[in-house]
Amino acid sequence: MAGYITDDTRKVTTHRLLEMKQKGEKISMLTSYDYTTAQIVDGAGIDVILVGDSASNVMAGNVTTLPITLDQMIYHGKSVVRAAKRALVVVDMPFGSYQGNPLEGVASAIRIMKESHADALKLEGGEEIIDTVKRIISAGIPIMGHLGLMPQSINKYGTYTVRAKEDAEAEKLVRDAHLLEEAGCFGLVLEKIPARLAARVAKELSIPVIGIGAGGDVDGQVLVVADMLGMTNGFSPRFLRRYADLHTVMTDAIGRYVSDVKSGDFPNEKEQY
Ligand code: KIV
């Protein structure tokens, strides 16, 4: 079986991620939202599991990430933490749990950490939320930033197209990236921005920069697990590489089960007591 085998079973820490950047070793990151998937993802050698608020789309069928609640993120976080033996587990702070003010942000962050036992949290934004980021980090909670396309702000953008193509937005993104590093973030996700801009940010920052639709000259890559496994149908942005076609595999298996039940072929004599 082709794949990535690692005999390094030490738990990945934020410090290890920094060392990986310094050594030029790329960081692998995927989302997971449930125990069974996270067990497979962790066992396959992933460095970071993101319990993304994309659970709102992937698990609950919402059109945006906005409706998912703090309680729901904690539920997904707990399920993934139970499965992850090696990977660092990062949980997304959901929309509405930190944008109000730093105290609200720190209270939400503490709840997620206490109840899910995650290793770290991620939130979206730069200058606008920098006081909140500092406050959460000062409570001892590792934070990963997220700039570029920020799905929690979709109602402001009105579109999921590539961000920071214009100079003014690109310069703000670079400033925000530096502010997040100075605030003490241990890493940064850059979503759907020009590859050259992402490469510049990764070069200027000393913390790891993980891209999604941000080209190859960054310190690592993240994808949504259901997309890269081909479970989701009809979502095919340019940056997505599909490593399997589970939609077809699962549809075929379920179709055969349906016909075996209908025909009486399942269960057979060996499949009963
Ligand atoms: O929620 C999520 O899955 C994410 C990734 C797309 C980075 O934030």
# chains A, B, ... in the order shown; residues from 1 in each chain; ligands from 1
call {"tool": "residues_near_ligand", "arguments": {"ligand": "ligand 1", "cutoff": "7 Å", "atoms": "only C-alpha atoms and all ligand atoms", "output": "mmCIF file with all heavy atoms, in the first residue's frame"}}
result
data_model
loop_
_atom_site.group_PDB
_atom_site.id
_atom_site.type_symbol
_atom_site.label_atom_id
_atom_site.label_comp_id
_atom_site.auth_asym_id
_atom_site.auth_seq_id
_atom_site.Cartn_x
_atom_site.Cartn_y
_atom_site.Cartn_z
ATOM 1 N N THR A 31 -8.751 18.093 8.119
ATOM 2 C CA THR A 31 -9.853 18.216 9.076
ATOM 3 C C THR A 31 -10.346 16.830 9.479
ATOM 4 O O THR A 31 -10.135 15.847 8.760
ATOM 5 C CB THR A 31 -11.057 18.976 8.476
ATOM 6 O OG1 THR A 31 -11.619 18.189 7.424
ATOM 7 C CG2 THR A 31 -10.662 20.346 7.968
ATOM 8 N N LEU A 50 -7.421 19.349 12.213
ATOM 9 C CA LEU A 50 -8.221 20.544 12.459
ATOM 10 C C LEU A 50 -9.689 20.132 12.582
ATOM 11 O O LEU A 50 -10.262 19.555 11.655
ATOM 12 C CB LEU A 50 -8.078 21.530 11.285
ATOM 13 C CG LEU A 50 -9.020 22.740 11.336
ATOM 14 C CD1 LEU A 50 -8.722 23.637 12.536
ATOM 15 C CD2 LEU A 50 -8.932 23.539 10.040
ATOM 16 N N GLY A 52 -12.451 21.637 12.085
ATOM 17 C CA GLY A 52 -12.825 22.895 11.440
ATOM 18 C C GLY A 52 -14.308 23.193 11.633
ATOM 19 O O GLY A 52 -15.124 22.281 11.781
ATOM 20 N N ASP A 53 -14.620 24.493 11.572
ATOM 21 C CA ASP A 53 -16.048 24.831 11.605
ATOM 22 C C ASP A 53 -16.695 24.520 10.259
ATOM 23 O O ASP A 53 -17.907 24.673 10.090
ATOM 24 C CB ASP A 53 -16.278 26.284 12.043
ATOM 25 C CG ASP A 53 -15.617 27.297 11.136
ATOM 26 O OD1 ASP A 53 -14.897 26.892 10.198
ATOM 27 O OD2 ASP A 53 -15.820 28.510 11.353
ATOM 28 N N SER A 54 -15.879 24.002 9.313
ATOM 29 C CA SER A 54 -16.446 23.430 8.084
ATOM 30 C C SER A 54 -17.332 22.238 8.430
ATOM 31 O O SER A 54 -18.070 21.740 7.567
ATOM 32 C CB SER A 54 -15.341 23.023 7.106
ATOM 33 O OG SER A 54 -14.373 22.221 7.749
ATOM 34 N N ALA A 55 -17.294 21.768 9.685
ATOM 35 C CA ALA A 55 -18.265 20.757 10.158
ATOM 36 C C ALA A 55 -19.695 21.247 9.894
ATOM 37 O O ALA A 55 -20.606 20.447 9.667
ATOM 38 C CB ALA A 55 -18.068 20.495 11.645
ATOM 39 N N ASP A 92 -11.576 24.859 15.803
ATOM 40 C CA ASP A 92 -11.998 26.195 15.366
ATOM 41 C C ASP A 92 -12.932 26.822 16.389
ATOM 42 O O ASP A 92 -13.882 26.165 16.859
ATOM 43 C CB ASP A 92 -12.774 26.090 14.043
ATOM 44 C CG ASP A 92 -11.918 26.425 12.839
ATOM 45 O OD1 ASP A 92 -10.842 27.038 13.003
ATOM 46 O OD2 ASP A 92 -12.339 26.059 11.725
ATOM 47 N N VAL A 189 -3.058 29.889 9.221
ATOM 48 C CA VAL A 189 -3.636 29.312 7.999
ATOM 49 C C VAL A 189 -3.889 30.451 7.021
ATOM 50 O O VAL A 189 -4.424 31.499 7.394
ATOM 51 C CB VAL A 189 -4.956 28.554 8.303
ATOM 52 C CG1 VAL A 189 -5.735 28.264 7.021
ATOM 53 C CG2 VAL A 189 -4.671 27.259 9.045
ATOM 54 N N GLU A 191 -5.905 31.035 3.492
ATOM 55 C CA GLU A 191 -6.865 30.354 2.616
ATOM 56 C C GLU A 191 -7.093 31.157 1.339
ATOM 57 O O GLU A 191 -7.383 32.362 1.384
ATOM 58 C CB GLU A 191 -8.198 30.163 3.372
ATOM 59 C CG GLU A 191 -9.251 29.456 2.531
ATOM 60 C CD GLU A 191 -10.434 28.916 3.323
ATOM 61 O OE1 GLU A 191 -10.433 28.969 4.569
ATOM 62 O OE2 GLU A 191 -11.374 28.413 2.657
ATOM 63 N N ILE A 212 -4.192 26.621 2.223
ATOM 64 C CA ILE A 212 -5.253 25.886 1.515
ATOM 65 C C ILE A 212 -5.594 26.768 0.319
ATOM 66 O O ILE A 212 -6.064 27.898 0.490
ATOM 67 C CB ILE A 212 -6.472 25.557 2.413
ATOM 68 C CG1 ILE A 212 -7.618 24.957 1.583
ATOM 69 C CG2 ILE A 212 -6.951 26.730 3.264
ATOM 70 C CD1 ILE A 212 -8.699 24.247 2.403
ATOM 71 N N VAL A 222 -3.320 22.159 4.238
ATOM 72 C CA VAL A 222 -4.515 21.622 4.893
ATOM 73 C C VAL A 222 -5.617 21.466 3.848
ATOM 74 O O VAL A 222 -5.727 22.276 2.928
ATOM 75 C CB VAL A 222 -4.995 22.524 6.074
ATOM 76 C CG1 VAL A 222 -5.269 23.952 5.654
ATOM 77 C CG2 VAL A 222 -6.206 21.929 6.772
ATOM 78 N N LEU A 223 -6.383 20.379 3.980
ATOM 79 C CA LEU A 223 -7.571 20.191 3.143
ATOM 80 C C LEU A 223 -8.703 19.681 4.036
ATOM 81 O O LEU A 223 -8.459 19.160 5.137
ATOM 82 C CB LEU A 223 -7.317 19.153 2.031
ATOM 83 C CG LEU A 223 -6.463 19.595 0.827
ATOM 84 C CD1 LEU A 223 -6.229 18.409 -0.113
ATOM 85 C CD2 LEU A 223 -7.102 20.752 0.048
ATOM 86 N N VAL A 224 -9.921 19.807 3.545
ATOM 87 C CA VAL A 224 -11.088 19.242 4.223
ATOM 88 C C VAL A 224 -11.141 17.756 3.857
ATOM 89 O O VAL A 224 -11.110 17.397 2.680
ATOM 90 C CB VAL A 224 -12.369 19.995 3.784
ATOM 91 C CG1 VAL A 224 -13.623 19.262 4.238
ATOM 92 C CG2 VAL A 224 -12.349 21.421 4.336
#
call {"tool": "select_by_dssp", "arguments": {"residues": "region 47-212 of chain A", "states": "strand (DSSP E)", "output": "list in words"}}
result
Val48, Ile49, Leu50, Val51, Leu88, Val89, Val90, Val91, Asp92, Ala120, Leu121, Lys122, Ile143, Met144, Gly145, His146, Leu147, Gly148, Gly187, Leu188, Val189, Leu190, Glu191, Val209, Ile210, Gly211 and Ile212 of chain A
call {"tool": "write_last_selection", "arguments": {"atoms": "N, CA, C and O atoms", "output": "compact mmCIF listing (two decimals), in the first residue's frame"}}
result
# COMPACT_ATOMS: atom_id res chain seq x y z
N VAL A 48 -1.29 17.43 12.02
CA VAL A 48 -2.27 18.27 12.71
C VAL A 48 -3.67 17.89 12.24
O VAL A 48 -3.91 17.78 11.03
N ILE A 49 -4.59 17.68 13.18
CA ILE A 49 -6.00 17.50 12.82
C ILE A 49 -6.73 18.78 13.20
O ILE A 49 -6.65 19.24 14.34
N LEU A 50 -7.42 19.35 12.21
CA LEU A 50 -8.22 20.54 12.46
C LEU A 50 -9.69 20.13 12.58
O LEU A 50 -10.26 19.56 11.66
N VAL A 51 -10.26 20.41 13.75
CA VAL A 51 -11.71 20.25 13.90
C VAL A 51 -12.29 21.57 13.40
O VAL A 51 -12.49 22.52 14.16
N LEU A 88 -1.51 16.79 16.63
CA LEU A 88 -1.93 17.95 17.41
C LEU A 88 -3.38 18.25 16.98
O LEU A 88 -3.67 18.29 15.79
N VAL A 89 -4.27 18.44 17.95
CA VAL A 89 -5.68 18.71 17.61
C VAL A 89 -5.99 20.19 17.83
O VAL A 89 -5.86 20.71 18.94
N VAL A 90 -6.40 20.84 16.75
CA VAL A 90 -6.76 22.27 16.78
C VAL A 90 -8.26 22.38 16.53
O VAL A 90 -8.77 21.82 15.55
N VAL A 91 -8.97 23.09 17.40
CA VAL A 91 -10.42 23.27 17.23
C VAL A 91 -10.71 24.71 16.80
O VAL A 91 -10.16 25.65 17.37
N ASP A 92 -11.58 24.86 15.80
CA ASP A 92 -12.00 26.20 15.37
C ASP A 92 -12.93 26.82 16.39
O ASP A 92 -13.88 26.16 16.86
N ALA A 120 -5.15 23.09 20.96
CA ALA A 120 -5.02 24.48 20.51
C ALA A 120 -6.32 24.90 19.82
O ALA A 120 -7.18 24.06 19.52
N LEU A 121 -6.43 26.20 19.55
CA LEU A 121 -7.63 26.74 18.90
C LEU A 121 -7.23 27.56 17.68
O LEU A 121 -6.10 28.03 17.59
N LYS A 122 -8.19 27.74 16.77
CA LYS A 122 -7.95 28.60 15.59
C LYS A 122 -9.09 29.60 15.50
O LYS A 122 -10.24 29.26 15.78
N ILE A 143 -2.83 29.55 20.02
CA ILE A 143 -3.75 30.02 18.97
C ILE A 143 -3.09 29.97 17.61
O ILE A 143 -1.95 30.39 17.43
N MET A 144 -3.89 29.50 16.65
CA MET A 144 -3.51 29.53 15.24
C MET A 144 -4.38 30.59 14.56
O MET A 144 -5.60 30.61 14.78
N GLY A 145 -3.77 31.48 13.78
CA GLY A 145 -4.55 32.50 13.07
C GLY A 145 -5.08 31.95 11.75
O GLY A 145 -4.71 30.85 11.32
N HIS A 146 -5.95 32.73 11.11
CA HIS A 146 -6.53 32.33 9.81
C HIS A 146 -6.83 33.62 9.04
O HIS A 146 -7.65 34.42 9.48
N LEU A 147 -6.14 33.81 7.90
CA LEU A 147 -6.31 35.01 7.07
C LEU A 147 -6.57 34.60 5.62
O LEU A 147 -6.45 33.43 5.26
N GLY A 148 -6.86 35.61 4.79
CA GLY A 148 -7.19 35.32 3.39
C GLY A 148 -8.70 35.16 3.31
O GLY A 148 -9.45 35.97 3.87
N GLY A 187 0.97 29.51 14.78
CA GLY A 187 0.87 29.15 13.36
C GLY A 187 -0.21 29.98 12.71
O GLY A 187 -0.95 30.72 13.38
N LEU A 188 -0.30 29.86 11.39
CA LEU A 188 -1.25 30.68 10.63
C LEU A 188 -1.74 29.89 9.43
O LEU A 188 -0.93 29.29 8.70
N VAL A 189 -3.06 29.89 9.22
CA VAL A 189 -3.64 29.31 8.00
C VAL A 189 -3.89 30.45 7.02
O VAL A 189 -4.42 31.50 7.39
N LEU A 190 -3.49 30.25 5.76
CA LEU A 190 -3.80 31.21 4.69
C LEU A 190 -4.70 30.50 3.69
O LEU A 190 -4.31 29.47 3.12
N GLU A 191 -5.91 31.04 3.49
CA GLU A 191 -6.87 30.35 2.62
C GLU A 191 -7.09 31.16 1.34
O GLU A 191 -7.38 32.36 1.38
N VAL A 209 3.35 28.53 8.42
CA VAL A 209 2.22 29.02 7.63
C VAL A 209 1.67 27.84 6.83
O VAL A 209 2.38 27.22 6.05
N ILE A 210 0.39 27.53 7.07
CA ILE A 210 -0.25 26.37 6.42
C ILE A 210 -1.24 26.90 5.38
O ILE A 210 -2.08 27.74 5.70
N GLY A 211 -1.14 26.40 4.16
CA GLY A 211 -1.98 26.93 3.09
C GLY A 211 -3.11 26.00 2.70
O GLY A 211 -3.01 24.77 2.82
N ILE A 212 -4.19 26.62 2.22
CA ILE A 212 -5.25 25.89 1.51
C ILE A 212 -5.59 26.77 0.32
O ILE A 212 -6.06 27.90 0.49
call {"tool": "closest_atom_pairs", "arguments": {"of": "region 211-241 of chain A", "to": "region 14-26 of chain A", "cutoff": "12 Å", "atoms": "only C-alpha atoms", "output": "CSV"}}
result
residue,atom,partner,partner_atom,distance
A:Gly211,CA,A:Lys26,CA,11.0
A:Gly216,CA,A:Lys26,CA,9.9
A:Asp217,CA,A:Lys26,CA,9.9
A:Val218,CA,A:Lys26,CA,8.3
A:Asp219,CA,A:Lys26,CA,5.3
A:Gly220,CA,A:Lys26,CA,4.9
A:Gln221,CA,A:Lys26,CA,7.9
A:Val222,CA,A:Lys26,CA,11.1
call {"tool": "residues_around", "arguments": {"residues": "Ile74 (chain A)", "least_positions_apart": "4", "cutoff": "7 Å", "atoms": "only C-alpha atoms", "output": "PyMOL selection string"}}
result
chain A and resi 70+78+112+115-116
call {"tool": "select_by_dssp", "arguments": {"residues": "region 5-229 of chain A", "states": "helix (DSSP H, G or I)", "output": "ChimeraX atom specification"}}
result
/A:14-23,35-43,55-58,70-83,102-116,127-138,151-157,167-183,195-204,225-228
call {"tool": "atom_distance", "arguments": {"atom1": "CA of Ala118 (chain A)", "atom2": "CA of Ala199 (chain A)"}}
result
29.0 Å
call {"tool": "closest_atom_pairs", "arguments": {"of": "region 135-231 of chain A", "to": "region 237-248 of chain A", "cutoff": "8 Å", "atoms": "only C-alpha atoms", "output": "Markdown table"}}
result
| residue | atom | partner | partner_atom | distance |
| --- | --- | --- | --- | --- |
| A:Ile212 | CA | A:Phe239 | CA | 7.3 |
| A:Gly213 | CA | A:Phe239 | CA | 4.9 |
| A:Leu223 | CA | A:Leu240 | CA | 7.6 |
| A:Asp227 | CA | A:Arg242 | CA | 6.9 |
| A:Met228 | CA | A:Arg242 | CA | 4.4 |
| A:Leu229 | CA | A:Ala244 | CA | 4.7 |
| A:Gly230 | CA | A:Asp245 | CA | 4.5 |
| A:Met231 | CA | A:His247 | CA | 4.5 |
call {"tool": "write_last_selection", "arguments": {"atoms": "all heavy atoms", "output": "mmCIF file, in the first residue's frame"}}
result
data_model
loop_
_atom_site.group_PDB
_atom_site.id
_atom_site.type_symbol
_atom_site.label_atom_id
_atom_site.label_comp_id
_atom_site.auth_asym_id
_atom_site.auth_seq_id
_atom_site.Cartn_x
_atom_site.Cartn_y
_atom_site.Cartn_z
ATOM 1 N N ILE A 212 -4.192 26.621 2.223
ATOM 2 C CA ILE A 212 -5.253 25.886 1.515
ATOM 3 C C ILE A 212 -5.594 26.768 0.319
ATOM 4 O O ILE A 212 -6.064 27.898 0.490
ATOM 5 C CB ILE A 212 -6.472 25.557 2.413
ATOM 6 C CG1 ILE A 212 -7.618 24.957 1.583
ATOM 7 C CG2 ILE A 212 -6.951 26.730 3.264
ATOM 8 C CD1 ILE A 212 -8.699 24.247 2.403
ATOM 9 N N GLY A 213 -5.256 26.309 -0.872
ATOM 10 C CA GLY A 213 -5.409 27.154 -2.046
ATOM 11 C C GLY A 213 -4.454 28.333 -2.001
ATOM 12 O O GLY A 213 -4.790 29.429 -2.452
ATOM 13 N N LEU A 223 -6.383 20.379 3.980
ATOM 14 C CA LEU A 223 -7.571 20.191 3.143
ATOM 15 C C LEU A 223 -8.703 19.681 4.036
ATOM 16 O O LEU A 223 -8.459 19.160 5.137
ATOM 17 C CB LEU A 223 -7.317 19.153 2.031
ATOM 18 C CG LEU A 223 -6.463 19.595 0.827
ATOM 19 C CD1 LEU A 223 -6.229 18.409 -0.113
ATOM 20 C CD2 LEU A 223 -7.102 20.752 0.048
ATOM 21 N N ASP A 227 -13.513 16.331 1.280
ATOM 22 C CA ASP A 227 -13.238 16.769 -0.099
ATOM 23 C C ASP A 227 -12.108 15.951 -0.708
ATOM 24 O O ASP A 227 -12.219 15.479 -1.840
ATOM 25 C CB ASP A 227 -12.847 18.260 -0.133
ATOM 26 C CG ASP A 227 -13.973 19.178 0.328
ATOM 27 O OD1 ASP A 227 -15.146 18.761 0.241
ATOM 28 O OD2 ASP A 227 -13.670 20.310 0.767
ATOM 29 N N MET A 228 -10.998 15.780 0.037
ATOM 30 C CA MET A 228 -9.852 15.086 -0.555
ATOM 31 C C MET A 228 -10.111 13.585 -0.695
ATOM 32 O O MET A 228 -9.487 12.920 -1.520
ATOM 33 C CB MET A 228 -8.538 15.378 0.199
ATOM 34 C CG MET A 228 -8.462 15.019 1.651
ATOM 35 S SD MET A 228 -8.078 13.303 1.950
ATOM 36 C CE MET A 228 -6.343 13.263 1.579
ATOM 37 N N LEU A 229 -11.061 13.059 0.075
ATOM 38 C CA LEU A 229 -11.436 11.641 -0.079
ATOM 39 C C LEU A 229 -12.523 11.458 -1.130
ATOM 40 O O LEU A 229 -12.947 10.332 -1.394
ATOM 41 C CB LEU A 229 -11.920 11.067 1.260
ATOM 42 C CG LEU A 229 -10.861 10.886 2.349
ATOM 43 C CD1 LEU A 229 -11.509 10.384 3.641
ATOM 44 C CD2 LEU A 229 -9.774 9.906 1.899
ATOM 45 N N GLY A 230 -13.001 12.546 -1.710
ATOM 46 C CA GLY A 230 -14.019 12.441 -2.758
ATOM 47 C C GLY A 230 -15.378 11.998 -2.231
ATOM 48 O O GLY A 230 -16.146 11.339 -2.934
ATOM 49 N N MET A 231 -15.676 12.356 -0.974
ATOM 50 C CA MET A 231 -17.022 12.037 -0.443
ATOM 51 C C MET A 231 -18.024 13.091 -0.876
ATOM 52 O O MET A 231 -19.194 12.814 -1.079
ATOM 53 C CB MET A 231 -16.992 11.968 1.083
ATOM 54 C CG MET A 231 -16.212 10.797 1.601
ATOM 55 S SD MET A 231 -16.063 10.863 3.384
ATOM 56 C CE MET A 231 -17.608 10.134 3.870
#
call {"tool": "residues_around", "arguments": {"residues": "Ile129 (chain A)", "least_positions_apart": "4", "cutoff": "8 Å", "atoms": "only C-alpha atoms", "output": "MDAnalysis selection string"}}
result
chainID A and resid 99 102 125 133
call {"tool": "closest_residue", "arguments": {"among": "A:Ile46, A:Ala177, A:Val58, A:Ala164", "to": "Arg196 (chain A)", "atoms": "only C-alpha atoms"}}
result
A:Ala164
call {"tool": "residues_around", "arguments": {"residues": "Leu103 (chain A)", "least_positions_apart": "5", "cutoff": "10 Å", "atoms": "only C-alpha atoms", "output": "PyMOL selection string"}}
result
chain A and resi 98+108-109+131-132+135-136
call {"tool": "closest_residue", "arguments": {"among": "A:Ala195, A:Met113, A:Leu30, A:Leu66", "to": "Met150 (chain A)", "atoms": "only C-alpha atoms"}}
result
A:Leu66
